[in-house]
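Dumped structure26.txt below, it's compact mmCIF, C-alpha atoms:
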# COMPACT_ATOMS: atom_id res chain seq x y z
CA MET T 18 162.15 -19.61 -37.35
CA ALA T 19 160.08 -20.33 -34.24
CA THR T 20 160.12 -23.80 -32.74
CA ALA T 21 156.95 -25.34 -31.43
CA ALA T 22 156.93 -26.64 -27.89
CA ALA T 23 157.03 -30.40 -27.69
CA ALA T 24 153.77 -31.94 -26.59
CA PRO T 25 154.02 -33.88 -23.34
CA ALA T 26 154.17 -37.64 -23.75
CA THR T 27 150.89 -39.36 -22.97
CA ARG T 28 151.08 -41.92 -20.18
CA TRP T 29 148.52 -44.67 -19.97
CA ALA T 30 147.60 -46.24 -16.67
CA ARG T 31 147.39 -50.01 -16.58
CA GLU T 32 145.85 -52.49 -14.24
CA TYR T 33 148.32 -54.58 -12.22
CA GLU T 34 148.02 -57.42 -9.74
CA THR T 35 150.56 -58.24 -7.05
CA ILE T 36 150.57 -61.17 -4.66
CA TYR T 37 153.05 -60.82 -1.85
CA ILE T 38 153.91 -63.38 0.81
CA LEU T 39 154.70 -62.66 4.45
CA ARG T 40 156.34 -65.13 6.78
CA SER T 41 153.88 -67.27 8.72
CA ASP T 42 155.09 -66.07 12.14
CA VAL T 43 153.88 -62.50 11.48
CA ASP T 44 151.20 -61.11 13.78
CA ASN T 45 148.28 -58.97 12.54
CA ALA T 46 149.82 -55.64 13.60
CA VAL T 47 152.93 -56.17 11.46
CA ALA T 48 150.85 -57.42 8.53
CA GLU T 49 148.70 -54.25 8.74
CA LYS T 50 151.86 -52.08 8.67
CA VAL T 51 152.97 -53.76 5.46
CA VAL T 52 149.50 -53.26 3.92
CA ASP T 53 149.51 -49.59 4.97
CA ARG T 54 152.94 -49.14 3.43
CA ALA T 55 151.71 -50.60 0.14
CA LYS T 56 148.64 -48.33 0.21
CA ASP T 57 150.86 -45.28 0.82
CA VAL T 58 153.12 -46.14 -2.13
CA ILE T 59 150.15 -46.61 -4.45
CA ALA T 60 148.56 -43.32 -3.36
CA ARG T 61 151.84 -41.39 -3.55
CA LEU T 62 152.49 -42.42 -7.16
CA ASP T 63 148.99 -41.51 -8.42
CA GLY T 64 147.70 -45.07 -8.39
CA THR T 65 144.32 -46.40 -7.34
CA LEU T 66 143.93 -49.48 -5.18
CA THR T 67 140.93 -51.37 -6.54
CA LYS T 68 141.09 -54.56 -4.48
CA LEU T 69 142.88 -55.76 -1.38
CA ASP T 70 142.36 -59.33 -0.27
CA ASN T 71 144.09 -61.21 2.55
CA TRP T 72 144.17 -64.89 1.60
CA GLY T 73 145.57 -65.96 4.98
CA LYS T 74 148.08 -68.71 5.71
CA ARG T 75 148.73 -71.15 2.90
CA LYS T 76 151.25 -73.83 2.17
CA LEU T 77 154.01 -72.77 -0.20
CA ALA T 78 154.82 -74.84 -3.28
CA TYR T 79 158.47 -74.94 -2.18
CA PRO T 80 160.28 -73.67 0.92
CA ILE T 81 161.24 -69.98 0.89
CA ARG T 82 163.79 -68.94 3.50
CA LYS T 83 163.28 -72.23 5.36
CA SER T 84 159.55 -71.65 5.68
CA ASN T 85 156.85 -73.96 4.30
CA ARG T 86 153.88 -71.66 4.98
CA GLY T 87 153.19 -67.99 4.34
CA ILE T 88 150.51 -65.32 4.57
CA PHE T 89 149.33 -64.35 1.08
CA VAL T 90 148.02 -60.85 0.33
CA TYR T 91 146.51 -59.95 -3.06
CA LEU T 92 146.60 -56.37 -4.39
CA LYS T 93 144.90 -55.14 -7.54
CA TYR T 94 145.65 -51.56 -8.57
CA VAL T 95 145.73 -49.15 -11.49
CA GLY T 96 148.86 -47.12 -12.08
CA TYR T 97 151.88 -46.41 -14.21
CA SER T 98 154.90 -48.67 -14.74
CA ASP T 99 157.05 -46.86 -12.18
CA LEU T 100 154.50 -47.74 -9.49
CA VAL T 101 155.24 -51.47 -9.80
CA ALA T 102 158.98 -51.00 -9.32
CA GLU T 103 158.51 -48.69 -6.34
CA LEU T 104 156.00 -51.03 -4.70
CA GLU T 105 158.40 -53.97 -5.07
CA ARG T 106 161.23 -51.90 -3.63
CA ASN T 107 159.17 -50.90 -0.59
CA LEU T 108 157.97 -54.44 0.04
CA ARG T 109 161.57 -55.67 0.08
CA PHE T 110 162.34 -53.29 2.97
CA SER T 111 160.04 -55.31 5.20
CA THR T 112 161.89 -57.93 7.24
CA LYS T 113 158.79 -60.15 7.28
CA TRP T 114 158.53 -60.28 3.47
CA CYS T 115 159.24 -63.57 1.66
CA GLY T 116 158.47 -62.65 -1.93
CA SER T 117 155.99 -61.19 -4.38
CA ARG T 118 154.87 -61.67 -7.94
CA PRO T 119 153.58 -58.61 -9.78
CA CYS T 120 151.89 -59.12 -13.11
CA TYR T 121 150.24 -56.99 -15.73
CA SER T 122 146.54 -57.63 -15.98
CA PRO T 123 145.34 -58.06 -19.57
CA ARG T 124 142.43 -55.70 -18.97
CA THR T 125 143.97 -52.32 -19.58
CA SER T 126 143.03 -48.75 -20.25
CA THR T 127 145.45 -48.42 -23.16
CA PRO T 128 143.92 -48.09 -26.60
CA PRO T 129 143.67 -51.45 -28.37
CA ARG T 130 145.66 -52.13 -31.50
CA SER T 131 143.61 -52.08 -34.66
CA PRO T 132 142.77 -55.60 -35.89
CA SER T 133 144.02 -54.79 -39.39
CA THR T 134 147.61 -54.33 -38.15
CA PRO T 135 149.43 -57.70 -38.21
CA LYS T 136 151.75 -58.64 -35.37
CA ARG T 137 155.45 -58.38 -35.96
CA CYS T 138 157.73 -61.31 -35.40
CA SER T 139 160.14 -60.74 -32.52
CA THR T 140 163.08 -62.35 -34.32
CA CYS T 141 162.80 -60.61 -37.68
CA THR T 142 161.66 -57.29 -39.10
CA SER T 143 159.18 -58.57 -41.65
CA ARG T 144 155.49 -58.98 -40.97
CA LYS T 145 155.57 -62.74 -41.55
CA ARG T 146 157.99 -65.13 -39.96
CA LYS T 147 160.67 -66.41 -42.29
CA PRO T 148 161.43 -70.11 -42.24
CA PRO T 149 164.80 -71.01 -40.61
This entry written out as structure tokens:
Amino acid sequence: MATAAAAPATRWAREYETIYILRSDVDNAVAEKVVDRAKDVIARLDGTLTKLDNWGKRKLAYPIRKSNRGIFVYLKYVGYSDLVAELERNLRFSTKWCGSRPCYSPRTSTPPRSPSTPKRCSTCTSRKRKPP
């Protein structure tokens, strides 16, 4: 009996947004190195950088590492889920990094769920939520 080769799993690229914050005492040369590092990570993992926007110095909502201001940089890119983890890991290597917030953009290239399929409740296995 011959066995059929397993079909490769289909991966869908999604659109992600990341805002990372650099310390306010960073000069432009260091900020450009961090941006170049992020671009390299995105390109290496088959992602596409769609938008890069430097928002400049802004006041933080709360102090991070004894700093009240930071340089905000916005990245919008298309890639796979492993790209987000690798980008976060590389940004943490930077000594001038304060923090970042990646998020999944709702606009995606994955196929939409058919409207006839009801959502499942996360706490039970039935299609409708059972009363407590």
Quick one, how far is atom CA of T:Gly96 from atom CA of T:Arg40?
->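 About the pair atom CA of T:Gly96 and atom CA of T:Arg40: they are 27.1 Å apart.
Distances here use all atoms listed in the file; by that measure, the residue among T:Leu100, T:Val95, T:Leu69, T:Leu108 closest to T:Lys50 is T:Leu108.
Taking only C-alpha atoms into account, the protein, DNA and RNA residues within 10 Å of (151.0, -50.7, -2.5) read Thr35, Val51, Val52, Asp53, Arg54, Ala55, Lys56, Asp57, Val58, Ile59, Ala60, Arg61, Leu62, Gly64, Thr65, Leu66, Leu69, Leu92, Lys93, Tyr94, Leu100, Val101, Glu103, Leu104, Glu105, Asn107 and Leu108 of chain T.
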Proximity to T:Asn45 - best of T:Arg31, T:Arg86, T:Asn71, T:Ala78, only C-alpha atoms | T:Asn71
What gap, in Å, lies between atom CA of T:Arg28 and atom CA of T:Tyr97?
-> 7.5 Å
Length of the atom CA of T:Lys74 to atom CA of T:Phe89 vector [Å] = 6.5 Å
Given the choices T:Tyr33, T:Ile88, T:Arg82, T:Val43, which gets closest to T:Ala102 if the distance is worked out from only C-alpha atoms?
->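 Closest candidate: T:Tyr33.
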Pick out the closest residue to T:Asp99 from this set: T:Asp63, T:Lys76, T:Ser41, T:Ser111. Count all atoms listed in the file.
->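 With all atoms listed in the file as the atom set, the closest residue is T:Asp63.
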Add whatever atoms are absent from stretch 32-55 of chain T to reach N, CA, C and O atoms, and provide the output as an mmCIF file, in the frame of the given file.
data_model
loop_
_atom_site.group_PDB
_atom_site.id
_atom_site.type_symbol
_atom_site.label_atom_id
_atom_site.label_comp_id
_atom_site.auth_asym_id
_atom_site.auth_seq_id
_atom_site.Cartn_x
_atom_site.Cartn_y
_atom_site.Cartn_z
ATOM 1 N N GLU T 32 146.306 -51.758 -15.407
ATOM 2 C CA GLU T 32 145.850 -52.490 -14.240
ATOM 3 C C GLU T 32 146.874 -53.580 -13.915
ATOM 4 O O GLU T 32 147.248 -54.362 -14.789
ATOM 5 N N TYR T 33 147.327 -53.610 -12.661
ATOM 6 C CA TYR T 33 148.320 -54.580 -12.220
ATOM 7 C C TYR T 33 147.777 -55.385 -11.052
ATOM 8 O O TYR T 33 146.904 -54.923 -10.321
ATOM 9 N N GLU T 34 148.342 -56.565 -10.889
ATOM 10 C CA GLU T 34 148.020 -57.420 -9.740
ATOM 11 C C GLU T 34 149.339 -57.816 -9.097
ATOM 12 O O GLU T 34 150.306 -58.119 -9.786
ATOM 13 N N THR T 35 149.379 -57.806 -7.778
ATOM 14 C CA THR T 35 150.560 -58.240 -7.050
ATOM 15 C C THR T 35 150.112 -59.154 -5.916
ATOM 16 O O THR T 35 149.173 -58.835 -5.194
ATOM 17 N N ILE T 36 150.778 -60.273 -5.790
ATOM 18 C CA ILE T 36 150.570 -61.170 -4.660
ATOM 19 C C ILE T 36 151.878 -61.180 -3.895
ATOM 20 O O ILE T 36 152.908 -61.540 -4.458
ATOM 21 N N TYR T 37 151.836 -60.744 -2.638
ATOM 22 C CA TYR T 37 153.050 -60.820 -1.850
ATOM 23 C C TYR T 37 152.840 -61.762 -0.676
ATOM 24 O O TYR T 37 151.731 -61.974 -0.216
ATOM 25 N N ILE T 38 153.946 -62.336 -0.221
ATOM 26 C CA ILE T 38 153.910 -63.380 0.810
ATOM 27 C C ILE T 38 154.681 -62.889 2.025
ATOM 28 O O ILE T 38 155.833 -62.456 1.897
ATOM 29 N N LEU T 39 154.045 -62.964 3.183
ATOM 30 C CA LEU T 39 154.700 -62.660 4.450
ATOM 31 C C LEU T 39 155.007 -63.960 5.162
ATOM 32 O O LEU T 39 154.328 -64.963 4.954
ATOM 33 N N ARG T 40 156.015 -63.937 6.011
ATOM 34 C CA ARG T 40 156.340 -65.130 6.780
ATOM 35 C C ARG T 40 155.162 -65.510 7.670
ATOM 36 O O ARG T 40 154.384 -64.665 8.105
ATOM 37 N N SER T 41 155.043 -66.780 7.981
ATOM 38 C CA SER T 41 153.880 -67.270 8.720
ATOM 39 C C SER T 41 153.890 -66.866 10.186
ATOM 40 O O SER T 41 152.854 -66.895 10.846
ATOM 41 N N ASP T 42 155.036 -66.461 10.737
ATOM 42 C CA ASP T 42 155.090 -66.070 12.140
ATOM 43 C C ASP T 42 154.745 -64.600 12.382
ATOM 44 O O ASP T 42 154.907 -64.090 13.482
ATOM 45 N N VAL T 43 154.233 -63.919 11.386
ATOM 46 C CA VAL T 43 153.880 -62.500 11.480
ATOM 47 C C VAL T 43 152.550 -62.349 12.210
ATOM 48 O O VAL T 43 151.593 -63.069 11.919
ATOM 49 N N ASP T 44 152.479 -61.380 13.126
ATOM 50 C CA ASP T 44 151.200 -61.110 13.780
ATOM 51 C C ASP T 44 150.417 -60.080 12.951
ATOM 52 O O ASP T 44 150.930 -59.498 11.994
ATOM 53 N N ASN T 45 149.166 -59.846 13.319
ATOM 54 C CA ASN T 45 148.280 -58.970 12.540
ATOM 55 C C ASN T 45 148.758 -57.525 12.504
ATOM 56 O O ASN T 45 148.573 -56.835 11.501
ATOM 57 N N ALA T 46 149.372 -57.034 13.570
ATOM 58 C CA ALA T 46 149.820 -55.640 13.600
ATOM 59 C C ALA T 46 150.915 -55.393 12.559
ATOM 60 O O ALA T 46 150.897 -54.373 11.856
ATOM 61 N N VAL T 47 151.851 -56.315 12.445
ATOM 62 C CA VAL T 47 152.930 -56.170 11.460
ATOM 63 C C VAL T 47 152.378 -56.310 10.045
ATOM 64 O O VAL T 47 152.774 -55.571 9.141
ATOM 65 N N ALA T 48 151.450 -57.238 9.857
ATOM 66 C CA ALA T 48 150.850 -57.420 8.530
ATOM 67 C C ALA T 48 150.099 -56.154 8.105
ATOM 68 O O ALA T 48 150.154 -55.757 6.941
ATOM 69 N N GLU T 49 149.417 -55.494 9.049
ATOM 70 C CA GLU T 49 148.700 -54.250 8.740
ATOM 71 C C GLU T 49 149.679 -53.129 8.377
ATOM 72 O O GLU T 49 149.379 -52.298 7.528
ATOM 73 N N LYS T 50 150.852 -53.094 9.009
ATOM 74 C CA LYS T 50 151.860 -52.080 8.670
ATOM 75 C C LYS T 50 152.338 -52.248 7.237
ATOM 76 O O LYS T 50 152.534 -51.273 6.522
ATOM 77 N N VAL T 51 152.524 -53.500 6.830
ATOM 78 C CA VAL T 51 152.970 -53.760 5.460
ATOM 79 C C VAL T 51 151.878 -53.359 4.462
ATOM 80 O O VAL T 51 152.157 -52.751 3.423
ATOM 81 N N VAL T 52 150.621 -53.646 4.789
ATOM 82 C CA VAL T 52 149.500 -53.260 3.920
ATOM 83 C C VAL T 52 149.412 -51.743 3.840
ATOM 84 O O VAL T 52 149.224 -51.171 2.758
ATOM 85 N N ASP T 53 149.561 -51.050 4.971
ATOM 86 C CA ASP T 53 149.510 -49.590 4.970
ATOM 87 C C ASP T 53 150.646 -48.984 4.148
ATOM 88 O O ASP T 53 150.455 -47.990 3.450
ATOM 89 N N ARG T 54 151.807 -49.610 4.222
ATOM 90 C CA ARG T 54 152.940 -49.140 3.430
ATOM 91 C C ARG T 54 152.655 -49.275 1.941
ATOM 92 O O ARG T 54 152.959 -48.382 1.148
ATOM 93 N N ALA T 55 152.060 -50.400 1.544
ATOM 94 C CA ALA T 55 151.710 -50.600 0.140
ATOM 95 C C ALA T 55 150.656 -49.589 -0.309
ATOM 96 O O ALA T 55 150.747 -49.030 -1.401
#
